[in-house]
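**Student:** Just so it is clear, I am handing over data-v5.txt, which has compact mmCIF, C-alpha atoms.
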# COMPACT_ATOMS: atom_id res chain seq x y z
CA MET M 4 14.86 1.99 9.22
CA SER M 5 14.71 4.72 11.91
CA GLU M 6 17.19 6.89 9.97
CA LEU M 7 15.07 6.51 6.85
CA LYS M 8 11.97 7.61 8.80
CA GLU M 9 13.73 10.72 10.13
CA ARG M 10 14.98 11.59 6.64
CA LEU M 11 11.70 11.02 4.82
CA LEU M 12 9.12 12.24 7.31
CA PRO M 13 8.68 16.02 7.64
CA PRO M 14 9.14 17.74 11.03
CA ARG M 15 6.09 18.19 13.22
CA PRO M 16 4.44 21.54 12.49
CA ALA M 17 4.47 24.10 15.27
CA SER M 18 0.80 24.94 14.67
CA ALA M 19 -0.30 21.61 16.12
CA ILE M 20 1.81 22.18 19.26
CA ASN M 21 0.54 25.72 19.70
CA LEU M 22 -3.00 24.51 19.15
CA ARG M 23 -2.74 22.06 22.02
CA GLY M 24 -1.05 24.56 24.28
CA ASP M 25 -3.57 27.34 23.63
CA ALA M 26 -6.59 25.05 23.87
CA GLY M 27 -5.76 24.06 27.43
CA SER M 28 -5.27 27.69 28.58
CA ARG M 29 -8.29 29.41 26.94
CA PRO M 30 -11.70 28.57 28.45
CA SER M 31 -14.71 28.51 26.14
CA PRO M 32 -17.62 30.99 26.60
CA SER M 33 -19.98 28.15 27.60
CA GLY M 34 -17.64 27.01 30.35
CA ARG M 35 -16.78 23.70 28.65
CA GLN M 36 -13.25 22.60 27.94
CA PRO M 37 -12.47 22.80 24.21
CA LEU M 38 -11.40 19.73 22.26
CA LEU M 39 -7.66 19.22 22.39
CA GLY M 40 -5.73 18.73 19.17
CA VAL M 41 -8.67 19.31 16.76
CA ASP M 42 -7.93 21.78 13.99
CA VAL M 43 -11.36 22.89 12.81
CA LEU M 44 -10.00 25.01 9.98
CA GLY M 45 -7.86 22.09 8.88
CA LEU M 46 -10.89 19.84 8.80
CA LYS M 47 -12.84 22.34 6.71
CA LYS M 48 -9.99 22.74 4.24
CA ARG M 49 -8.95 19.11 4.21
CA GLY M 50 -9.38 18.82 0.45
CA GLN M 51 -7.30 21.98 -0.19
CA GLY M 52 -4.66 21.42 2.52
CA LEU M 53 -1.07 20.41 2.00
CA LYS M 54 -0.18 16.74 2.06
CA SER M 55 3.20 15.17 2.53
CA TRP M 56 4.45 13.07 -0.39
CA ILE M 57 7.62 11.06 -0.86
CA ARG M 58 9.09 11.71 -4.30
CA VAL M 59 11.44 9.19 -5.91
CA ASP M 60 12.94 10.09 -9.29
CA THR M 61 14.55 7.95 -11.96
CA PHE M 62 18.00 8.39 -10.34
CA ALA M 63 16.80 6.79 -7.06
CA ASN M 64 16.81 10.13 -5.24
CA SER M 65 14.07 10.57 -2.64
CA GLN M 66 12.76 13.68 -0.99
CA VAL M 67 9.68 14.78 0.97
CA ILE M 68 7.50 17.44 -0.63
CA GLU M 69 4.29 19.09 0.52
CA VAL M 70 1.81 19.68 -2.27
CA ASP M 71 -1.85 20.62 -2.21
CA LYS M 72 -4.53 18.78 -4.13
CA PHE M 73 -4.91 21.24 -7.00
CA THR M 74 -1.19 21.40 -7.63
CA MET M 75 -1.00 17.62 -7.71
CA MET M 76 -3.91 17.52 -10.17
CA ARG M 77 -2.12 19.95 -12.51
CA ARG M 78 1.23 18.26 -12.03
CA CYS M 79 0.06 14.76 -12.93
CA ASP M 80 -2.91 15.72 -15.12
CA LEU M 81 -5.33 13.72 -12.95
CA PRO M 82 -8.97 14.37 -12.03
CA ALA M 83 -10.02 14.81 -8.43
CA ARG M 84 -11.73 11.41 -8.29
CA ASP M 85 -8.39 9.67 -8.94
CA LEU M 86 -6.71 11.51 -6.06
CA ARG M 87 -9.65 10.58 -3.87
CA LEU M 88 -8.66 6.95 -4.32
CA LEU M 89 -5.35 7.70 -2.60
CA ASP M 90 -6.85 9.54 0.36
CA PRO M 91 -6.14 7.47 3.51
CA LEU M 92 -9.35 8.77 5.12
CA PHE M 93 -11.42 6.83 2.58
CA VAL M 94 -11.52 3.08 2.19
CA TYR M 95 -11.41 2.05 -1.46
CA PRO M 96 -10.66 -1.37 -2.94
CA SER M 97 -7.39 -2.05 -4.73
CA THR M 98 -7.21 -0.18 -8.03
CA ILE M 99 -4.69 0.33 -10.84
CA LEU M 100 -5.64 3.10 -13.28
CA GLY M 101 -3.73 4.08 -16.40
CA ARG M 102 -4.13 7.75 -17.30
CA GLU M 103 -2.63 10.03 -19.89
CA LYS M 104 0.46 11.05 -17.92
CA ALA M 105 0.35 8.90 -14.79
CA ILE M 106 -0.57 5.54 -13.30
CA VAL M 107 -2.67 5.67 -10.14
CA VAL M 108 -1.89 2.73 -7.85
CA ASN M 109 -3.90 1.83 -4.77
CA LEU M 110 -2.69 -1.57 -3.57
CA GLU M 111 -3.18 -2.19 0.15
CA GLN M 112 -0.78 0.18 1.98
CA ILE M 113 0.89 1.36 -1.25
CA ARG M 114 -0.89 4.49 -2.52
CA CYS M 115 1.15 6.26 -5.14
CA ILE M 116 1.16 8.10 -8.46
CA ILE M 117 3.66 6.84 -11.04
CA THR M 118 4.74 9.08 -13.91
CA ALA M 119 7.44 8.69 -16.51
CA ASP M 120 9.95 10.64 -14.36
CA GLU M 121 8.97 10.15 -10.73
CA VAL M 122 6.93 8.27 -8.16
CA LEU M 123 4.82 10.27 -5.73
CA LEU M 124 4.01 8.20 -2.67
CA LEU M 125 1.80 9.31 0.20
CA ASN M 126 4.01 9.80 3.23
CA SER M 127 3.17 7.33 5.99
CA LEU M 128 4.65 5.69 9.06
CA ASP M 129 3.78 2.25 7.74
CA ASN M 130 6.77 -0.05 7.42
CA TYR M 131 5.54 -1.34 4.07
CA VAL M 132 5.64 2.18 2.63
CA LEU M 133 9.22 2.68 3.79
CA ARG M 134 10.17 -0.75 2.48
CA TYR M 135 8.66 0.19 -0.87
CA VAL M 136 10.83 3.30 -1.05
CA VAL M 137 13.98 1.39 -0.09
CA GLU M 138 13.27 -1.46 -2.51
CA LEU M 139 12.51 0.91 -5.38
CA GLN M 140 15.75 2.80 -4.79
CA GLN M 141 17.71 -0.44 -4.78
CA ARG M 142 16.04 -1.62 -8.00
CA LEU M 143 16.72 1.67 -9.74
CA LYS M 144 20.38 1.69 -8.72
CA ALA M 145 20.83 -1.95 -9.73
CA SER M 146 19.11 -1.37 -13.07
CA SER M 147 21.32 1.63 -13.84
CA VAL M 148 24.44 -0.45 -13.16
CA THR M 149 23.06 -3.29 -15.29
CA GLU M 150 22.29 -0.94 -18.17
CA VAL M 151 25.83 0.42 -18.16
CA TRP M 152 27.26 -3.12 -18.09
CA ASN M 153 24.99 -4.19 -20.95
CA GLN M 154 26.05 -1.22 -23.05
CA ASP M 155 29.73 -2.02 -22.52
CA THR M 156 29.10 -5.66 -23.36
CA LEU M 157 27.27 -4.77 -26.55
CA GLU M 158 30.06 -2.41 -27.62
CA LEU M 159 32.69 -5.10 -27.10
CA SER M 160 30.63 -7.67 -28.96
CA ARG M 161 30.13 -5.33 -31.91
CA ARG M 162 33.84 -4.67 -32.12
CA ARG M 163 34.71 -8.38 -32.04
CA SER M 164 32.15 -9.80 -34.40
CA ARG M 165 28.98 -8.57 -36.01
CA SER M 166 27.65 -12.09 -36.29
CA LEU M 167 27.38 -12.39 -32.51
CA ASP M 168 25.50 -9.15 -32.14
CA ASN M 169 22.06 -10.72 -32.22
CA VAL M 170 23.09 -13.36 -29.72
CA PHE M 171 24.17 -10.78 -27.16
CA GLN M 172 21.04 -8.73 -27.71
CA ASN M 173 18.79 -11.72 -27.15
CA SER M 174 20.69 -12.87 -24.05
CA SER M 175 20.58 -9.47 -22.37
CA PRO M 176 17.82 -8.88 -19.80
CA ASP M 177 14.69 -7.12 -20.93
CA TYR M 178 14.63 -3.38 -20.40
CA LEU M 179 11.70 -2.08 -18.39
CA PRO M 180 10.84 1.61 -18.35
CA PHE M 181 10.74 3.51 -15.10
CA GLU M 182 6.98 3.31 -14.61
CA PHE M 183 6.96 -0.48 -14.97
CA ARG M 184 9.76 -0.91 -12.46
CA ALA M 185 7.85 1.20 -9.94
CA LEU M 186 4.66 -0.73 -10.70
CA GLU M 187 6.51 -4.02 -10.28
CA VAL M 188 7.74 -3.06 -6.81
CA ALA M 189 4.20 -2.02 -5.83
CA LEU M 190 2.73 -5.30 -7.07
CA GLU M 191 5.46 -7.26 -5.31
CA ALA M 192 4.85 -5.42 -2.04
CA ALA M 193 1.08 -5.97 -2.22
CA CYS M 194 1.36 -9.64 -3.18
CA THR M 195 3.97 -10.28 -0.49
CA PHE M 196 1.86 -8.56 2.15
CA LEU M 197 -1.28 -10.52 1.24
CA ASP M 198 0.62 -13.81 1.00
CA SER M 199 2.19 -13.26 4.43
CA GLN M 200 -1.23 -12.59 5.94
CA ALA M 201 -2.58 -15.74 4.29
CA SER M 202 0.33 -17.78 5.68
CA GLU M 203 -0.22 -16.40 9.20
CA LEU M 204 -3.90 -17.25 8.92
CA GLU M 205 -3.04 -20.79 7.84
CA ILE M 206 -0.63 -21.27 10.75
CA GLU M 207 -3.34 -20.15 13.17
CA ALA M 208 -6.27 -21.92 11.51
CA TYR M 209 -5.25 -25.55 11.09
CA PRO M 210 -4.32 -26.28 14.76
CA LEU M 211 -7.49 -24.50 15.92
CA LEU M 212 -9.70 -26.51 13.56
CA ASP M 213 -8.06 -29.78 14.57
CA GLU M 214 -8.62 -28.93 18.23
CA LEU M 215 -12.22 -28.01 17.50
CA THR M 216 -12.94 -31.41 15.94
CA SER M 217 -11.67 -33.19 19.05
CA LYS M 218 -13.15 -30.82 21.63
CA ILE M 219 -16.23 -28.76 20.85
CA SER M 220 -16.45 -25.86 23.28
CA THR M 221 -17.82 -22.33 23.31
CA LEU M 222 -14.32 -20.81 23.34
CA ASN M 223 -13.15 -22.82 20.34
CA LEU M 224 -16.32 -22.01 18.42
CA GLU M 225 -15.85 -18.28 19.09
CA ARG M 226 -12.23 -18.46 17.91
CA ALA M 227 -13.34 -20.29 14.77
CA ARG M 228 -15.97 -17.63 14.09
CA ARG M 229 -13.41 -14.82 14.33
CA LEU M 230 -11.03 -16.78 12.15
CA LYS M 231 -13.65 -17.22 9.46
CA SER M 232 -14.46 -13.49 9.54
CA ARG M 233 -10.80 -12.63 8.98
CA LEU M 234 -10.61 -15.20 6.21
CA VAL M 235 -13.61 -13.74 4.39
CA ALA M 236 -12.20 -10.20 4.61
CA LEU M 237 -8.75 -11.27 3.40
CA THR M 238 -10.23 -13.33 0.57
CA ARG M 239 -12.22 -10.31 -0.60
CA ARG M 240 -9.08 -8.17 -0.71
CA VAL M 241 -7.05 -10.81 -2.55
CA GLN M 242 -9.89 -11.37 -5.00
CA LYS M 243 -10.05 -7.64 -5.75
CA VAL M 244 -6.32 -7.46 -6.50
CA ARG M 245 -6.58 -10.54 -8.71
CA ASP M 246 -9.58 -9.14 -10.61
CA GLU M 247 -7.80 -5.83 -11.12
CA ILE M 248 -4.71 -7.50 -12.62
CA GLU M 249 -6.86 -9.79 -14.76
CA GLN M 250 -8.89 -6.85 -16.03
CA LEU M 251 -5.70 -5.06 -17.08
CA MET M 252 -4.41 -8.17 -18.83
CA ASP M 253 -7.65 -8.57 -20.78
CA ASP M 254 -7.69 -4.97 -22.04
CA ASP M 255 -4.93 -4.05 -24.49
CA GLY M 256 -5.99 -0.41 -24.51
CA ASP M 257 -5.51 -0.01 -20.77
CA MET M 258 -2.09 -1.63 -20.96
CA ALA M 259 -1.14 0.64 -23.86
CA GLU M 260 -2.13 3.69 -21.79
CA MET M 261 0.41 2.70 -19.13
CA TYR M 262 3.43 3.11 -21.46
CA LEU M 263 4.19 6.58 -20.09
CA THR M 264 7.81 6.81 -21.22
CA GLU M 265 6.94 5.98 -24.80
CA LYS M 266 4.06 8.45 -24.80
CA LYS M 267 6.31 11.12 -23.34
CA LYS M 268 8.90 10.61 -26.09
CA ARG M 269 6.23 10.80 -28.77
CA MET M 270 4.78 13.91 -27.18
CA GLU M 271 8.19 15.60 -27.11
CA GLY M 272 8.75 14.60 -30.71
CA SER M 273 5.39 16.01 -31.76
CA LEU M 274 5.98 19.26 -29.87
CA TYR M 275 9.55 19.96 -30.94
CA GLY M 276 9.79 18.03 -34.20
CA ASP M 277 6.49 18.16 -36.01
CA GLN M 278 5.21 21.48 -34.67
CA SER M 279 1.75 20.34 -35.74
CA LEU M 280 -0.13 22.14 -32.96
CA PRO M 281 -0.65 25.93 -33.12
CA VAL M 282 1.06 28.24 -30.62
CA TYR M 283 -1.22 30.64 -28.80
CA ARG M 284 0.00 33.93 -27.44
CA SER M 285 -1.66 36.35 -25.08
CA ASN M 286 -0.84 39.62 -23.39
CA ASP M 287 0.80 37.91 -20.39
CA CYS M 288 3.19 35.85 -22.60
CA PHE M 289 1.51 32.47 -22.08
CA SER M 290 3.53 29.50 -23.38
CA LEU M 291 2.84 25.81 -23.92
CA SER M 292 5.36 24.45 -21.46
CA ALA M 293 4.74 26.83 -18.56
CA PRO M 294 2.49 25.43 -15.83
CA VAL M 295 -0.47 27.57 -14.87
CA SER M 296 -1.79 27.67 -11.34
CA PRO M 297 -5.52 26.95 -11.12
CA VAL M 298 -5.95 29.62 -8.42
CA SER M 299 -3.89 32.59 -9.52
CA SER M 300 -4.41 32.39 -13.29
CA PRO M 301 -7.17 34.36 -14.98
CA PRO M 302 -10.21 32.45 -16.27
CA GLY M 303 -9.29 33.05 -19.90
CA SER M 304 -5.83 31.54 -19.51
CA ARG M 305 -7.20 28.54 -17.65
CA ARG M 306 -9.76 27.83 -20.36
CA LEU M 307 -7.09 28.27 -23.03
CA GLU M 308 -4.67 25.93 -21.25
CA LYS M 309 -7.44 23.37 -20.64
CA SER M 310 -8.57 23.33 -24.26
CA LEU M 311 -4.97 23.16 -25.47
CA SER M 312 -4.14 20.27 -23.11
CA ILE M 313 -7.24 18.37 -24.24
CA VAL M 314 -6.32 18.76 -27.91
CA ARG M 315 -2.70 17.82 -27.29
CA SER M 316 -3.60 14.80 -25.11
CA ARG M 317 -6.08 13.48 -27.66
CA HIS M 318 -3.61 13.94 -30.49
CA ASP M 319 -0.72 12.26 -28.65
CA SER M 320 -2.79 9.50 -27.04
CA ALA M 321 -4.21 8.53 -30.41
CA LYS M 322 -0.72 8.20 -31.88
CA SER M 323 0.75 6.44 -28.84
CA SER M 324 -2.14 4.00 -28.45
CA GLU M 325 -1.82 2.87 -32.06
CA GLY M 326 1.85 2.02 -31.62
CA ALA M 327 1.82 0.80 -28.04
CA THR M 328 -1.03 -1.63 -28.54
CA GLU M 329 1.14 -3.57 -30.92
CA ASN M 330 3.92 -4.02 -28.34
CA ILE M 331 2.52 -4.68 -24.87
CA GLU M 332 4.27 -7.97 -24.21
CA GLU M 333 6.53 -6.51 -21.51
CA LEU M 334 3.67 -5.25 -19.36
CA GLU M 335 1.58 -8.33 -20.03
CA MET M 336 4.38 -10.65 -18.89
CA LEU M 337 4.92 -8.50 -15.80
CA LEU M 338 1.23 -8.60 -14.87
CA GLU M 339 1.02 -12.31 -15.64
CA ALA M 340 3.87 -13.10 -13.23
CA TYR M 341 2.14 -11.38 -10.31
CA PHE M 342 -1.22 -12.73 -11.41
CA VAL M 343 0.18 -16.21 -10.82
CA VAL M 344 1.40 -15.16 -7.36
CA ILE M 345 -1.89 -13.60 -6.28
CA ASP M 346 -3.84 -16.51 -7.78
CA SER M 347 -1.74 -18.90 -5.70
CA THR M 348 -2.58 -16.88 -2.59
CA LEU M 349 -6.26 -16.98 -3.51
CA ASN M 350 -6.11 -20.75 -3.99
CA LYS M 351 -4.48 -21.06 -0.57
CA LEU M 352 -7.31 -19.10 1.02
CA THR M 353 -9.90 -21.08 -0.92
CA SER M 354 -8.41 -24.34 0.34
CA LEU M 355 -8.49 -22.99 3.88
CA LYS M 356 -12.12 -21.97 3.48
CA GLU M 357 -12.99 -25.44 2.18
CA TYR M 358 -11.22 -26.96 5.19
CA ILE M 359 -13.25 -24.73 7.50
CA ASP M 360 -16.46 -25.74 5.71
CA ASP M 361 -15.53 -29.41 6.04
CA THR M 362 -14.83 -28.89 9.73
CA GLU M 363 -18.20 -27.19 10.17
CA ASP M 364 -19.92 -30.10 8.43
CA PHE M 365 -18.07 -32.57 10.66
CA ILE M 366 -19.05 -30.62 13.78
CA ASN M 367 -22.68 -30.48 12.64
CA ILE M 368 -22.64 -34.23 12.10
CA GLN M 369 -21.24 -34.74 15.60
CA LEU M 370 -23.85 -32.44 17.09
CA ASP M 371 -26.62 -34.20 15.20
CA ASN M 372 -25.37 -37.53 16.50
CA VAL M 373 -25.37 -36.25 20.07
CA ARG M 374 -28.82 -34.78 19.54
CA ASN M 375 -30.12 -38.12 18.26
CA GLN M 376 -28.66 -39.91 21.27
CA LEU M 377 -30.40 -37.47 23.58
CA ILE M 378 -33.68 -38.03 21.79
CA GLN M 379 -33.31 -41.82 22.12
CA PHE M 380 -32.51 -41.50 25.81
CA GLU M 381 -35.50 -39.22 26.28
CA LEU M 382 -37.67 -41.84 24.54
CA LEU M 383 -36.46 -44.54 26.93
CA LEU M 384 -37.14 -42.30 29.91
CA THR M 385 -40.65 -41.59 28.65
CA THR M 386 -41.32 -45.32 28.26
CA ALA M 387 -39.98 -46.04 31.77
CA THR M 388 -42.19 -43.27 33.15
CA PHE M 389 -45.18 -44.90 31.52
CA VAL M 390 -44.31 -48.25 33.15
CA VAL M 391 -43.93 -46.61 36.56
CA ALA M 392 -47.33 -44.98 36.05
CA ILE M 393 -48.84 -48.49 35.94
CA PHE M 394 -47.76 -48.99 39.57
CA GLY M 395 -49.44 -45.72 40.42
CA VAL M 396 -52.70 -46.80 38.87
CA VAL M 397 -52.67 -50.13 40.81
CA ALA M 398 -51.83 -48.35 44.04
CA GLY M 399 -54.67 -45.88 43.45
CA ILE M 400 -57.18 -48.65 42.86
CA PHE M 401 -56.23 -50.61 45.98
CA GLY M 402 -56.08 -47.47 48.05
CA MET M 403 -59.79 -46.78 47.71
CA ASN M 404 -61.94 -46.89 50.85
CA PHE M 405 -63.90 -50.14 50.36
CA GLU M 406 -63.60 -53.63 51.81
CA ILE M 407 -63.12 -56.86 49.83
CA ASP M 408 -62.15 -60.38 50.85
CA PHE M 409 -58.84 -60.15 48.92
CA PHE M 410 -57.47 -57.72 51.48
CA GLU M 411 -57.85 -60.30 54.25
CA GLN M 412 -55.51 -62.85 52.65
CA PRO M 413 -51.90 -62.81 54.06
CA GLY M 414 -50.01 -62.99 50.68
CA ALA M 415 -52.22 -60.63 48.68
CA PHE M 416 -49.73 -57.74 48.71
CA LYS M 417 -46.92 -59.90 47.33
CA TRP M 418 -49.08 -61.21 44.53
CA VAL M 419 -50.22 -57.73 43.53
CA LEU M 420 -46.60 -56.42 43.55
CA THR M 421 -45.29 -59.36 41.52
CA ILE M 422 -48.02 -59.31 38.90
CA THR M 423 -47.72 -55.51 38.48
CA GLY M 424 -43.94 -55.69 38.08
CA VAL M 425 -44.09 -58.46 35.50
CA CYS M 426 -46.75 -56.61 33.50
CA GLY M 427 -44.68 -53.40 33.57
CA LEU M 428 -41.53 -55.20 32.41
CA VAL M 429 -43.45 -56.85 29.58
CA VAL M 430 -44.86 -53.51 28.49
CA PHE M 431 -41.40 -51.89 28.59
CA LEU M 432 -39.82 -54.70 26.53
CA ALA M 433 -42.69 -54.49 24.04
CA PHE M 434 -42.04 -50.76 23.55
CA VAL M 435 -38.29 -51.35 23.07
CA TRP M 436 -38.98 -54.05 20.47
CA PHE M 437 -41.33 -51.68 18.66
CA TYR M 438 -38.68 -48.90 18.63
CA LYS M 439 -36.02 -51.18 17.17
CA ARG M 440 -38.39 -52.54 14.55
CA ARG M 441 -39.25 -49.00 13.47
CA ARG M 442 -35.52 -48.14 13.53
CA LEU M 443 -36.10 -45.44 16.07
CA MET M 444 -33.19 -46.85 18.09
CA PRO M 445 -29.92 -48.48 16.95
CA LEU M 446 -29.94 -52.26 16.99
Have the structure of the file written as structure tokens, please.
**Tutor:**
Amino acid sequence: MSELKERLLPPRPASAINLRGDAGSRPSPSGRQPLLGVDVLGLKKRGQGLKSWIRVDTFANSQVIEVDKFTMMRRCDLPARDLRLLDPLFVYPSTILGREKAIVVNLEQIRCIITADEVLLLNSLDNYVLRYVVELQQRLKASSVTEVWNQDTLELSRRRSRSLDNVFQNSSPDYLPFEFRALEVALEAACTFLDSQASELEIEAYPLLDELTSKISTLNLERARRLKSRLVALTRRVQKVRDEIEQLMDDDGDMAEMYLTEKKKRMEGSLYGDQSLPVYRSNDCFSLSAPVSPVSSPPGSRRLEKSLSIVRSRHDSAKSSEGATENIEELEMLLEAYFVVIDSTLNKLTSLKEYIDDTEDFINIQLDNVRNQLIQFELLLTTATFVVAIFGVVAGIFGMNFEIDFFEQPGAFKWVLTITGVCGLVVFLAFVWFYKRRRLMPL
């Protein structure tokens, strides 16, 4: 993995090193130390600056290229809003867009542009990005070997018997074009990443919830709150990927737009075979196949190229959509397979959320029970306080400063204490009987 990082990642530019070295040596006019490592010009020209991309072609060859935004727009025939979806500085939900000449994929860490001939992946230090490159190269090499073996098998079967030709054709594995193989690896990486996060969340959640039901504490409640926050965020991401795949499966036109190899063949046939579109010439020998830079070209050539590309794209997309809509079973089966995987992950998270809700309900029931017990105990204490207050009233009456014959008797104090205690006990038992009759206390 380290060798792959060194081979794919570009060397560190010297401008960043010089910027840090010069910033520490030059004092600012105001006397403050300048910010270290902040390229102000780079921040201003962030949209027009060069970005590092990993390019993987149909022969499983990978290389690192640095392309600016406008060149990438002209190269893949994409608007600026589609490239904005791939910018790592912005946070966008998972998206799969089928365009005229490319498929824009934004699935978790995988942000790439898939064309009929290459995959352009944003260069990153993330392990999932490097795994995507390695897995795609392995799939492409394995598919090329399988295609050669299938061709040899078909040739041998045709030589032996023509009656077995259909059998061998039906038993051979389905052929997927390059863009679908790249899309399959991206879907697999995203689904695997989300499923692994869901599994880790499950492993952490169930023991914590079981401990919380047996011991309710502030620490366990705080851990459960953080766990639920992570669950809600992960469920939202999984739901977005599922909705995106389902939306593609429900729209035949969007799936037809993603057949880039077929559209490319039809476009080449229309350009070199039919010659149905006119050829425009100018003083600077402008041709149809030559790319025009959006910065250095004159305005007239840019308008001419733009109008010509619009006419050609409409003409070819209309022809390709009519034929591709009739045969979209390959892509539909591919999307359906990963729809089942992501739906299973979503069901797993939904079950976990239901378990958390059940645990919360159980904890609320326990807390309500404890609260009711406290209320009942408080009611008993209030009743006992009322009984004790009776002794206070009797003591207040007999403590007044007047003389009666009852005070002169030797056993008067005992009789007063006994009668007051019996009356208080009777009053207390009467209140308890009333509470039980009204079901204010358990029997």
**Student:** Hey, can you check how far CA of Glu265 in chain M sits from CA of Asp71 in chain M?
**Tutor:**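 Between CA of Glu265 in chain M and CA of Asp71 in chain M the gap works out to 28.3 Å.
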**Student:** Just checking: using all atoms listed in the file, which residue out of M:Leu186, M:Leu237, M:Leu100, M:Met258 ends up closest to Glu203 in chain M?
**Tutor:**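 Using all atoms listed in the file, Glu203 in chain M sits closest to M:Leu237.
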**Student:** Once you add 3 Å to each side, what are the centre and edge lengths of the axis-aligned box holding all listed atoms of range 393-407 of chain M? One decimal in Å, as AutoDock Vina command-line options, if you can.
**Tutor:**
--center_x -55.8 --center_y -51.3 --center_z 43.9 --size_x 22.1 --size_y 17.1 --size_z 21.9
**Student:** So that I can see what lies close to Asp346 in chain M, please list as number ranges by chain the residues with an atom at most 9 Å from it, counting only C-alpha atoms and leaving out residues fewer than 3 positions away in the same chain.
**Tutor:** M: 241-242, 245, 341-343, 349-351
**Student:** To one decimal place, how far is CA of Glu249 in chain M from CA of Leu338 in chain M in Å?
**Tutor:**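 According to the coordinates, CA of Glu249 in chain M and CA of Leu338 in chain M are separated by 8.2 Å.
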**Student:** I'd like to know which of M:Gln200, M:Glu69, M:Arg440, M:Glu121 is closest to Trp56 in chain M, using only C-alpha atoms.
**Tutor:**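 Closest candidate: M:Glu69.
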**Student:** To one decimal place, how far is CA of Gly101 in chain M from CA of Ser65 in chain M in Å?
**Tutor:** 23.4 Å
**Student:** Quick one: residues within 10 Å of Val132 in chain M, all atoms listed in the file, excluding same-chain residues fewer than 4 positions away - as a list in words?
**Tutor:**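 Non-adjacent residues within range: Ile57, Gln112, Ile113, Arg114, Cys115, Leu124, Leu125, Asn126, Ser127, Leu128, Val136, Val137, Glu138, Ala189 and Ala192 of chain M.
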**Student:** Would you mind listing what lies within 12 Å of range 214-228 of chain M as a tab-separated table (two decimals) with C-alpha atoms, keeping the file's coordinate frame, with all atoms listed in the file counted and same-chain residues fewer than 6 positions away left out?
**Tutor:**
chain	number	residue	atom	x	y	z
M	204	LEU	CA	-3.90	-17.25	8.92
M	207	GLU	CA	-3.34	-20.15	13.17
M	208	ALA	CA	-6.27	-21.92	11.51
M	234	LEU	CA	-10.61	-15.20	6.21
M	235	VAL	CA	-13.61	-13.74	4.39
M	356	LYS	CA	-12.12	-21.97	3.48
M	358	TYR	CA	-11.22	-26.96	5.19
M	359	ILE	CA	-13.25	-24.73	7.50
M	360	ASP	CA	-16.46	-25.74	5.71
M	361	ASP	CA	-15.53	-29.41	6.04
M	362	THR	CA	-14.83	-28.89	9.73
M	363	GLU	CA	-18.20	-27.19	10.17
M	364	ASP	CA	-19.92	-30.10	8.43
M	365	PHE	CA	-18.07	-32.57	10.66
M	366	ILE	CA	-19.05	-30.62	13.78
M	367	ASN	CA	-22.68	-30.48	12.64
M	368	ILE	CA	-22.64	-34.23	12.10
M	369	GLN	CA	-21.24	-34.74	15.60
M	370	LEU	CA	-23.85	-32.44	17.09
M	373	VAL	CA	-25.37	-36.25	20.07
**Student:** Dump as a count of residues only all residues having an atom at most 9 Å from (3.6, -13.7, -6.6), computed in the file's coordinates with all atoms listed in the file.
**Tutor:** 14
**Student:** Given the point (-1.1, 16.9, -3.6) in the coordinates of this file, which residues lie within 8 Å, counting all atoms listed in the file, and how would they look as an mmCIF file with C-alpha atoms, in the coordinates of the input?
**Tutor:**
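Result saved to part17.cif:
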data_model
loop_
_atom_site.group_PDB
_atom_site.id
_atom_site.type_symbol
_atom_site.label_atom_id
_atom_site.label_comp_id
_atom_site.auth_asym_id
_atom_site.auth_seq_id
_atom_site.Cartn_x
_atom_site.Cartn_y
_atom_site.Cartn_z
ATOM 1 C CA LEU M 53 -1.070 20.410 2.000
ATOM 2 C CA LYS M 54 -0.180 16.740 2.060
ATOM 3 C CA SER M 55 3.200 15.170 2.530
ATOM 4 C CA TRP M 56 4.450 13.070 -0.390
ATOM 5 C CA GLU M 69 4.290 19.090 0.520
ATOM 6 C CA VAL M 70 1.810 19.680 -2.270
ATOM 7 C CA ASP M 71 -1.850 20.620 -2.210
ATOM 8 C CA LYS M 72 -4.530 18.780 -4.130
ATOM 9 C CA PHE M 73 -4.910 21.240 -7.000
ATOM 10 C CA THR M 74 -1.190 21.400 -7.630
ATOM 11 C CA MET M 75 -1.000 17.620 -7.710
ATOM 12 C CA MET M 76 -3.910 17.520 -10.170
#
